[in-house]
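Heads up, work_1.cif below (mmCIF, C-alpha atoms):
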```
data_final
#
loop_
_atom_site.label_atom_id
_atom_site.label_comp_id
_atom_site.auth_asym_id
_atom_site.auth_seq_id
_atom_site.Cartn_x
_atom_site.Cartn_y
_atom_site.Cartn_z
CA MET A 1 -14.77 -89.45 6.19
CA ILE A 2 -13.37 -85.96 5.71
CA ASP A 3 -10.05 -86.82 7.35
CA PHE A 4 -9.95 -90.18 5.60
CA TRP A 5 -10.25 -88.59 2.17
CA PHE A 6 -7.77 -85.88 3.01
CA VAL A 7 -5.24 -88.62 3.82
CA ILE A 8 -6.05 -90.40 0.56
CA ILE A 9 -5.50 -87.23 -1.44
CA ALA A 10 -2.25 -86.50 0.40
CA PHE A 11 -1.14 -90.07 -0.35
CA LEU A 12 -1.94 -89.69 -4.06
CA TRP A 13 -0.09 -86.37 -4.36
CA THR A 14 2.87 -87.81 -2.48
CA GLY A 15 3.00 -90.85 -4.75
CA TYR A 16 2.94 -88.53 -7.74
CA PHE A 17 5.81 -86.42 -6.42
CA VAL A 18 7.93 -89.48 -5.59
CA LEU A 19 7.43 -91.23 -8.92
CA GLU A 20 7.31 -88.26 -11.26
CA GLY A 21 10.15 -86.67 -9.31
CA PHE A 22 12.76 -89.02 -10.73
CA ASP A 23 11.00 -88.90 -14.13
CA PHE A 24 11.49 -85.15 -14.23
CA GLY A 25 15.06 -85.46 -13.00
CA VAL A 26 15.97 -88.02 -15.65
CA GLY A 27 14.39 -85.88 -18.37
CA LEU A 28 16.42 -82.89 -17.24
CA LEU A 29 19.72 -84.73 -16.80
CA ALA A 30 19.72 -87.14 -19.74
CA PRO A 31 21.46 -84.74 -22.19
CA PHE A 32 24.12 -83.91 -19.60
CA VAL A 33 25.06 -87.46 -18.61
CA SER A 34 25.00 -88.69 -22.24
CA ARG A 35 27.67 -88.09 -24.84
CA ASN A 36 25.98 -89.72 -27.83
CA ASP A 37 22.61 -90.92 -29.03
CA ALA A 38 23.08 -94.43 -27.65
CA GLU A 39 23.74 -93.08 -24.16
CA GLN A 40 20.79 -90.70 -24.46
CA ARG A 41 18.55 -93.64 -25.32
CA GLN A 42 19.99 -95.61 -22.43
CA SER A 43 19.17 -92.77 -20.03
CA LEU A 44 15.63 -92.29 -21.28
CA GLN A 45 14.92 -96.02 -21.35
CA THR A 46 15.14 -96.02 -17.55
CA ILE A 47 11.81 -94.17 -17.45
CA GLY A 48 10.38 -95.37 -20.77
CA PRO A 49 8.16 -98.14 -19.35
CA VAL A 50 6.88 -96.15 -16.37
CA TRP A 51 6.64 -92.42 -17.03
CA ASP A 52 3.10 -92.41 -18.41
CA GLY A 53 1.89 -94.68 -15.60
CA ASN A 54 3.40 -92.29 -13.07
CA GLU A 55 1.26 -89.48 -14.47
CA VAL A 56 -1.85 -91.46 -13.55
CA TRP A 57 -1.17 -90.48 -9.94
CA LEU A 58 -1.71 -86.82 -10.87
CA ILE A 59 -4.98 -87.59 -12.65
CA THR A 60 -6.18 -89.64 -9.68
CA ALA A 61 -5.15 -87.01 -7.13
CA VAL A 62 -6.90 -84.20 -9.01
CA GLY A 63 -9.98 -86.35 -9.62
CA ALA A 64 -10.18 -87.25 -5.93
CA MET A 65 -9.91 -83.57 -4.98
CA PHE A 66 -12.72 -82.71 -7.40
CA ALA A 67 -15.02 -85.37 -5.94
CA ALA A 68 -14.17 -85.15 -2.23
CA PHE A 69 -13.26 -81.47 -1.81
CA PRO A 70 -14.83 -79.51 -4.69
CA ALA A 71 -14.32 -76.11 -3.06
CA TRP A 72 -10.61 -76.84 -2.52
CA TYR A 73 -10.29 -78.09 -6.10
CA ALA A 74 -12.08 -75.03 -7.52
CA GLY A 75 -10.13 -72.52 -5.45
CA MET A 76 -6.74 -74.10 -6.06
CA PHE A 77 -7.00 -74.64 -9.80
CA SER A 78 -8.71 -71.35 -10.55
CA GLY A 79 -6.39 -69.37 -8.29
CA PHE A 80 -3.34 -70.95 -9.94
CA TYR A 81 -4.73 -71.10 -13.45
CA LEU A 82 -1.59 -69.91 -15.25
CA PRO A 83 0.87 -72.09 -13.28
CA VAL A 84 -1.34 -75.15 -13.78
CA MET A 85 -1.49 -74.40 -17.52
CA LEU A 86 2.32 -74.27 -17.56
CA VAL A 87 2.40 -77.68 -15.88
CA LEU A 88 0.02 -79.11 -18.47
CA VAL A 89 2.00 -77.61 -21.34
CA GLY A 90 5.18 -79.08 -19.88
CA LEU A 91 3.66 -82.54 -19.51
CA ILE A 92 2.33 -82.46 -23.07
CA VAL A 93 5.64 -81.30 -24.55
CA ARG A 94 7.56 -83.89 -22.55
CA GLY A 95 5.19 -86.66 -23.60
CA VAL A 96 5.51 -85.74 -27.27
CA GLY A 97 9.30 -85.66 -26.96
CA LEU A 98 9.47 -89.08 -25.30
CA GLU A 99 7.07 -90.70 -27.76
CA TRP A 100 8.47 -89.18 -30.95
CA ARG A 101 12.19 -89.31 -30.19
CA GLY A 102 12.73 -92.67 -31.87
CA LYS A 103 10.51 -91.83 -34.83
CA VAL A 104 12.18 -88.71 -36.27
CA GLU A 105 15.45 -88.20 -38.12
CA ASN A 106 16.70 -85.38 -35.91
CA PRO A 107 15.75 -85.99 -32.26
CA ALA A 108 17.37 -82.78 -30.98
CA TRP A 109 14.04 -80.94 -30.72
CA CYS A 110 12.58 -83.94 -28.87
CA ASP A 111 15.43 -83.80 -26.36
CA LEU A 112 14.82 -80.08 -25.88
CA GLY A 113 11.12 -80.72 -25.36
CA ILE A 114 11.88 -83.39 -22.77
CA VAL A 115 14.14 -81.01 -20.84
CA VAL A 116 11.70 -78.08 -20.93
CA GLY A 117 8.71 -80.33 -20.29
CA SER A 118 10.43 -81.81 -17.25
CA ALA A 119 11.65 -78.50 -15.84
CA LEU A 120 8.28 -76.73 -15.93
CA PRO A 121 6.26 -79.07 -13.68
CA ALA A 122 9.26 -79.81 -11.44
CA PHE A 123 9.53 -76.11 -10.63
CA VAL A 124 5.91 -74.99 -10.84
CA TRP A 125 4.42 -77.58 -8.47
CA GLY A 126 6.79 -76.36 -5.77
CA THR A 127 5.72 -72.76 -6.29
CA ILE A 128 2.03 -73.69 -6.10
CA PHE A 129 2.21 -75.62 -2.84
CA ALA A 130 4.57 -73.10 -1.22
CA ASP A 131 2.17 -70.32 -2.18
CA LEU A 132 -0.72 -72.29 -0.67
CA LEU A 133 1.20 -72.53 2.59
CA TYR A 134 2.67 -69.05 2.88
CA GLY A 135 0.98 -66.83 0.29
CA SER A 136 4.11 -64.94 -0.74
CA ALA A 137 6.09 -64.71 -3.96
CA ALA A 138 9.41 -65.22 -2.15
CA ALA A 139 8.18 -68.43 -0.55
CA ALA A 140 6.80 -69.61 -3.89
CA MET A 141 10.18 -69.12 -5.59
CA LEU A 142 11.93 -70.95 -2.75
CA GLY A 143 9.41 -73.77 -3.01
CA GLY A 144 10.00 -74.00 -6.75
CA ALA A 145 13.78 -74.05 -6.31
CA PHE A 146 13.44 -76.78 -3.68
CA SER A 147 11.17 -79.01 -5.78
CA LEU A 148 13.32 -78.55 -8.90
CA SER A 149 16.58 -79.30 -7.11
CA VAL A 150 15.11 -82.34 -5.36
CA CYS A 151 13.83 -83.70 -8.68
CA LEU A 152 17.27 -83.24 -10.22
CA LEU A 153 18.98 -85.09 -7.36
CA HIS A 154 16.26 -87.76 -7.32
CA GLY A 155 16.74 -88.28 -11.06
CA ALA A 156 20.52 -88.46 -10.78
CA VAL A 157 20.28 -91.13 -8.09
CA PHE A 158 17.74 -93.06 -10.16
CA LEU A 159 20.01 -92.96 -13.22
CA ALA A 160 22.94 -94.20 -11.12
CA LEU A 161 20.71 -97.02 -9.86
CA LYS A 162 19.28 -98.04 -13.25
CA THR A 163 22.21 -97.71 -15.67
CA ASP A 164 25.74 -99.02 -16.03
CA GLY A 165 28.99 -97.88 -17.58
CA ARG A 166 29.76 -94.25 -18.28
CA VAL A 167 26.20 -93.02 -17.82
CA ARG A 168 26.12 -94.48 -14.32
CA ALA A 169 29.48 -92.90 -13.47
CA ARG A 170 28.35 -89.49 -14.72
CA ALA A 171 25.03 -89.81 -12.89
CA ARG A 172 26.88 -90.50 -9.63
CA THR A 173 29.08 -87.44 -10.23
CA ALA A 174 25.99 -85.36 -11.01
CA ALA A 175 24.27 -86.54 -7.84
CA LEU A 176 27.22 -85.53 -5.67
CA ALA A 177 27.52 -82.16 -7.42
CA LEU A 178 23.77 -81.47 -7.20
CA SER A 179 23.73 -82.25 -3.48
CA ALA A 180 25.91 -79.20 -2.89
CA VAL A 181 23.01 -77.07 -4.17
CA THR A 182 20.05 -79.14 -3.04
CA LEU A 183 21.09 -79.47 0.61
CA PRO A 184 21.31 -75.72 1.37
CA ILE A 185 18.03 -75.05 -0.44
CA GLY A 186 16.41 -77.93 1.42
CA VAL A 187 17.61 -76.68 4.79
CA ILE A 188 16.21 -73.20 4.13
CA ALA A 189 12.90 -74.47 2.74
CA LEU A 190 12.26 -77.16 5.37
CA SER A 191 13.65 -75.54 8.51
CA GLY A 192 11.06 -72.77 8.24
CA MET A 193 8.30 -75.34 8.70
CA GLY A 194 9.73 -76.46 12.04
CA THR A 195 7.86 -79.78 12.14
CA ILE A 196 9.16 -83.27 12.83
CA PRO A 197 8.48 -84.52 9.26
CA ALA A 198 10.32 -81.50 7.84
CA LEU A 199 13.34 -82.11 10.06
CA ALA A 200 13.30 -85.80 9.18
CA ALA A 201 13.16 -84.85 5.50
CA MET A 202 16.36 -82.82 5.94
CA ALA A 203 18.08 -85.84 7.50
CA ALA A 204 16.98 -88.10 4.64
CA LEU A 205 18.13 -85.53 2.09
CA ALA A 206 21.57 -85.36 3.73
CA ALA A 207 21.83 -89.16 3.76
CA ALA A 208 21.28 -89.56 0.01
CA PRO A 209 24.61 -88.15 -1.28
CA ALA A 210 26.50 -89.96 1.48
CA LEU A 211 24.99 -93.22 0.28
CA VAL A 212 25.81 -92.39 -3.36
CA TRP A 213 29.40 -91.76 -2.31
CA ARG A 214 29.48 -95.27 -0.85
CA HIS A 215 27.99 -96.76 -4.04
CA ARG A 216 24.72 -97.58 -2.27
CA GLU A 217 22.45 -96.26 -4.99
CA GLY A 218 19.46 -98.36 -3.94
CA TRP A 219 19.54 -96.98 -0.42
CA ALA A 220 20.20 -93.49 -1.78
CA PHE A 221 17.07 -93.77 -3.92
CA LEU A 222 15.06 -94.79 -0.85
CA ALA A 223 16.52 -91.81 1.02
CA MET A 224 15.38 -89.46 -1.76
CA ALA A 225 11.94 -91.06 -1.83
CA GLY A 226 11.82 -90.66 1.95
CA THR A 227 12.78 -87.00 1.60
CA ILE A 228 9.84 -86.37 -0.69
CA VAL A 229 7.40 -88.39 1.43
CA LEU A 230 8.40 -86.56 4.61
CA ALA A 231 8.39 -83.12 2.96
CA SER A 232 4.96 -83.83 1.48
CA THR A 233 3.74 -84.99 4.88
CA ALA A 234 4.89 -81.71 6.38
CA VAL A 235 3.08 -79.74 3.66
CA PHE A 236 -0.21 -81.59 3.91
CA THR A 237 -0.14 -81.53 7.70
CA GLN A 238 -0.19 -77.75 7.49
CA LEU A 239 -2.77 -77.71 4.71
CA ARG A 240 -5.16 -79.79 6.80
CA THR A 241 -5.90 -76.75 8.96
CA ALA A 242 -6.72 -74.55 5.98
CA PRO A 243 -6.36 -75.99 2.47
CA LEU A 244 -7.04 -72.47 1.16
CA PRO A 245 -6.92 -69.13 3.00
CA GLY A 246 -10.19 -68.68 4.85
CA LEU A 247 -11.45 -72.17 3.98
CA THR A 248 -11.53 -75.08 6.43
CA LEU A 249 -11.38 -78.69 5.36
CA ALA A 250 -14.97 -79.29 6.48
CA GLU A 251 -16.20 -76.35 4.41
CA ALA A 252 -14.33 -77.64 1.36
CA ALA A 253 -15.68 -81.20 1.60
CA SER A 254 -18.53 -82.90 -0.23
CA GLY A 255 -21.52 -84.28 1.63
CA PRO A 256 -21.42 -87.50 3.70
CA TYR A 257 -23.21 -89.58 1.04
CA THR A 258 -20.72 -88.58 -1.67
CA LEU A 259 -17.74 -89.33 0.56
CA THR A 260 -19.22 -92.71 1.50
CA MET A 261 -19.72 -93.70 -2.14
CA LEU A 262 -16.20 -92.51 -2.99
CA SER A 263 -14.83 -94.65 -0.18
CA TRP A 264 -16.39 -97.81 -1.60
CA ILE A 265 -15.14 -97.00 -5.09
CA GLY A 266 -11.66 -96.24 -3.77
CA LEU A 267 -11.45 -99.42 -1.68
CA ILE A 268 -12.30 -101.48 -4.76
CA ALA A 269 -10.19 -99.68 -7.38
CA LEU A 270 -7.08 -98.52 -5.50
CA PRO A 271 -5.63 -102.00 -4.73
CA PHE A 272 -5.78 -102.89 -8.43
CA VAL A 273 -4.01 -99.68 -9.43
CA LEU A 274 -1.28 -100.14 -6.83
CA GLY A 275 -0.88 -103.81 -7.72
CA TYR A 276 -0.54 -103.10 -11.42
CA GLN A 277 2.03 -100.36 -10.94
CA GLY A 278 4.00 -102.45 -8.47
CA TRP A 279 4.06 -105.29 -11.00
CA THR A 280 5.29 -102.89 -13.70
CA TYR A 281 8.22 -101.74 -11.58
CA TRP A 282 9.05 -105.34 -10.71
CA VAL A 283 9.12 -106.40 -14.38
CA PHE A 284 11.40 -103.48 -15.33
CA ARG A 285 13.55 -103.60 -12.20
CA LYS A 286 16.88 -104.43 -13.91
CA ARG A 287 19.51 -101.96 -15.04
CA VAL A 288 19.44 -100.58 -18.57
CA LEU A 289 22.74 -101.76 -20.00
CA THR A 290 25.00 -100.15 -22.55
CA ALA A 291 25.16 -101.72 -25.99
CA ALA A 292 28.42 -103.49 -25.08
CA GLY A 293 26.82 -105.03 -22.00
CA GLN A 294 23.72 -106.41 -23.72
#
```

Represent the structure from my file as structure tokens, please.
Amino acid sequence: MIDFWFVIIAFLWTGYFVLEGFDFGVGLLAPFVSRNDAEQRQSLQTIGPVWDGNEVWLITAVGAMFAAFPAWYAGMFSGFYLPVMLVLVGLIVRGVGLEWRGKVENPAWCDLGIVVGSALPAFVWGTIFADLLYGSAAAAMLGGAFSLSVCLLHGAVFLALKTDGRVRARARTAALALSAVTLPIGVIALSGMGTIPALAAMAALAAAPALVWRHREGWAFLAMAGTIVLASTAVFTQLRTAPLPGLTLAEAASGPYTLTMLSWIGLIALPFVLGYQGWTYWVFRKRVLTAAGQ
């Protein structure tokens, strides 16, 4: 049961990073690929129906940690109290910006809130997990730079996939330009891990801009999602040995009865959650068109 719930938690965190990764990237890039309010709305509409649902993965991952591994939960969120608070502030500010943008006369402050609220969690989550692995400030900064740059590239590819016209063209250009920064950072961050998932993540990351260049945005998006899945797999593979310094997974876990009850609850609830979110993405699968194309 301990290994089973560790895999579930790793799956939930990975789903969060994949889905919120392009959310954060779109929030950061929207002002830079848009030249007017209509294009800004077009960019943000790509994540409008899904961004709040994507955040459910974070709530579920943290809740599962609290129930299945309370010592890991307590040590991680108390040890990184300030970074986690920055993440929460960022998510709140971003949410307010996205919800209020169409309801105020001057949306400039909303756009600023979306950018800042996207940048904070995109960077901070990388610093937290890198610190968990290596326990050094230099590694934490590298982890933050890696997660931020991957989110930016992931968001650029998603915008190229989900828009048309000038926004799509600028998103493609942004994706190719960002790859020149993301690839070197990714090689440095992932090569130090020296595991097969980490090396595979580097290959997927290198494939994404090549696919964008060939106008294969759908495949490029899958390559970016694969990059995040493989990098997360590498991280959680290492965390399985010691989720916190001096703490084994068995020591961090709840008792057998609690894990058994959680398993039944998870087996009942998780398929409904996955089915609902899959249906949402299917309904909103089409491109967001410019006004001229609607």

Which residues are close to A:Leu133, i.e. within 12 Å by only C-alpha atoms, leaving aside same-chain residues fewer than 4 positions away? Reply as an mmCIF file with C-alpha atoms, keeping the file's coordinate frame.
```
data_model
loop_
_atom_site.group_PDB
_atom_site.id
_atom_site.type_symbol
_atom_site.label_atom_id
_atom_site.label_comp_id
_atom_site.auth_asym_id
_atom_site.auth_seq_id
_atom_site.Cartn_x
_atom_site.Cartn_y
_atom_site.Cartn_z
ATOM 1 C CA MET A 76 -6.740 -74.100 -6.060
ATOM 2 C CA GLY A 126 6.790 -76.360 -5.770
ATOM 3 C CA THR A 127 5.720 -72.760 -6.290
ATOM 4 C CA ILE A 128 2.030 -73.690 -6.100
ATOM 5 C CA PHE A 129 2.210 -75.620 -2.840
ATOM 6 C CA ALA A 137 6.090 -64.710 -3.960
ATOM 7 C CA ALA A 138 9.410 -65.220 -2.150
ATOM 8 C CA ALA A 139 8.180 -68.430 -0.550
ATOM 9 C CA ALA A 140 6.800 -69.610 -3.890
ATOM 10 C CA GLY A 143 9.410 -73.770 -3.010
ATOM 11 C CA ALA A 189 12.900 -74.470 2.740
ATOM 12 C CA GLY A 192 11.060 -72.770 8.240
ATOM 13 C CA MET A 193 8.300 -75.340 8.700
ATOM 14 C CA SER A 232 4.960 -83.830 1.480
ATOM 15 C CA ALA A 234 4.890 -81.710 6.380
ATOM 16 C CA VAL A 235 3.080 -79.740 3.660
ATOM 17 C CA PHE A 236 -0.210 -81.590 3.910
ATOM 18 C CA THR A 237 -0.140 -81.530 7.700
ATOM 19 C CA GLN A 238 -0.190 -77.750 7.490
ATOM 20 C CA LEU A 239 -2.770 -77.710 4.710
ATOM 21 C CA ARG A 240 -5.160 -79.790 6.800
ATOM 22 C CA THR A 241 -5.900 -76.750 8.960
ATOM 23 C CA ALA A 242 -6.720 -74.550 5.980
ATOM 24 C CA PRO A 243 -6.360 -75.990 2.470
ATOM 25 C CA LEU A 244 -7.040 -72.470 1.160
ATOM 26 C CA PRO A 245 -6.920 -69.130 3.000
#
```

Would you pick out the contacts of stretch 85-97 of chain A at 8 Å or less, using only C-alpha atoms, so that residues sharing its chain but fewer than 3 positions from it are not included, and give the list as a short mmCIF file (atom, residue, chain, number, x, y, z; two decimals) with C-alpha atoms, keeping the file's coordinate frame?
```
data_model
loop_
_atom_site.label_atom_id
_atom_site.label_comp_id
_atom_site.auth_asym_id
_atom_site.auth_seq_id
_atom_site.Cartn_x
_atom_site.Cartn_y
_atom_site.Cartn_z
CA TYR A 81 -4.73 -71.10 -13.45
CA LEU A 82 -1.59 -69.91 -15.25
CA TRP A 100 8.47 -89.18 -30.95
CA ARG A 101 12.19 -89.31 -30.19
CA TRP A 109 14.04 -80.94 -30.72
CA CYS A 110 12.58 -83.94 -28.87
CA ASP A 111 15.43 -83.80 -26.36
CA LEU A 112 14.82 -80.08 -25.88
CA GLY A 113 11.12 -80.72 -25.36
CA ILE A 114 11.88 -83.39 -22.77
CA VAL A 115 14.14 -81.01 -20.84
CA VAL A 116 11.70 -78.08 -20.93
CA GLY A 117 8.71 -80.33 -20.29
CA SER A 118 10.43 -81.81 -17.25
CA ALA A 119 11.65 -78.50 -15.84
CA LEU A 120 8.28 -76.73 -15.93
CA PRO A 121 6.26 -79.07 -13.68
CA VAL A 124 5.91 -74.99 -10.84
CA TRP A 125 4.42 -77.58 -8.47
#
```

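What separates atom CA of A:Leu259 from atom CA of A:Trp5 is a distance of 7.7 Å.
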
Seminar exercise, completed: A straight line from atom CA of A:Ala210 to atom CA of A:Ala156 spans 13.7 Å

Exercise. What is the atom CA of A:Gly186 to atom CA of A:Leu153 distance in Å?
Worked result: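 Going from atom CA of A:Gly186 over to atom CA of A:Leu153, I get 11.6 Å.
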
For this session: For the structure provided, state which residues fall under the PyMOL selection byres ((chain A and resi 164-168) around 7), and present them as an MDAnalysis selection string.
Result: chainID A and resid 33:34 39 159:160 163 169:172 287:290

Exercise. Do you know which residues are at most 10 Å from stretch 267-284 of chain A counting all atoms listed in the file, after dropping those on the same chain fewer than 4 positions away, and could you put them as a list in words?
Worked result: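 Those residues are Thr46, Ile47, Gly48, Pro49, Val50, Gly53, Asn54, Val56, Trp57, Thr60, Lys162, Leu262, Ser263 and Val288 of chain A.
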
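Distance annotation: of A:Ile228, A:Ala30, A:Ala220, A:Ile185, the residue with the minimal separation from A:Ala200 is A:Ile228; atom set is all atoms listed in the file.
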
Exercise. What lies within 12 Å of A:Gly21 using only C-alpha atoms, ignoring chain neighbours under 5 positions off, as a PyMOL selection string?
Worked result: chain A and resi 13-16+26-28+47+51+54-55+57-58+118-119+121-123+125-126+146-158+221+224-225+227-229

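Nearest-residue note for A:Gly255: choosing from A:Ala68, A:Leu98, A:Ala207, A:Ile8, the minimum distance belongs to A:Ala68, counting all atoms listed in the file.
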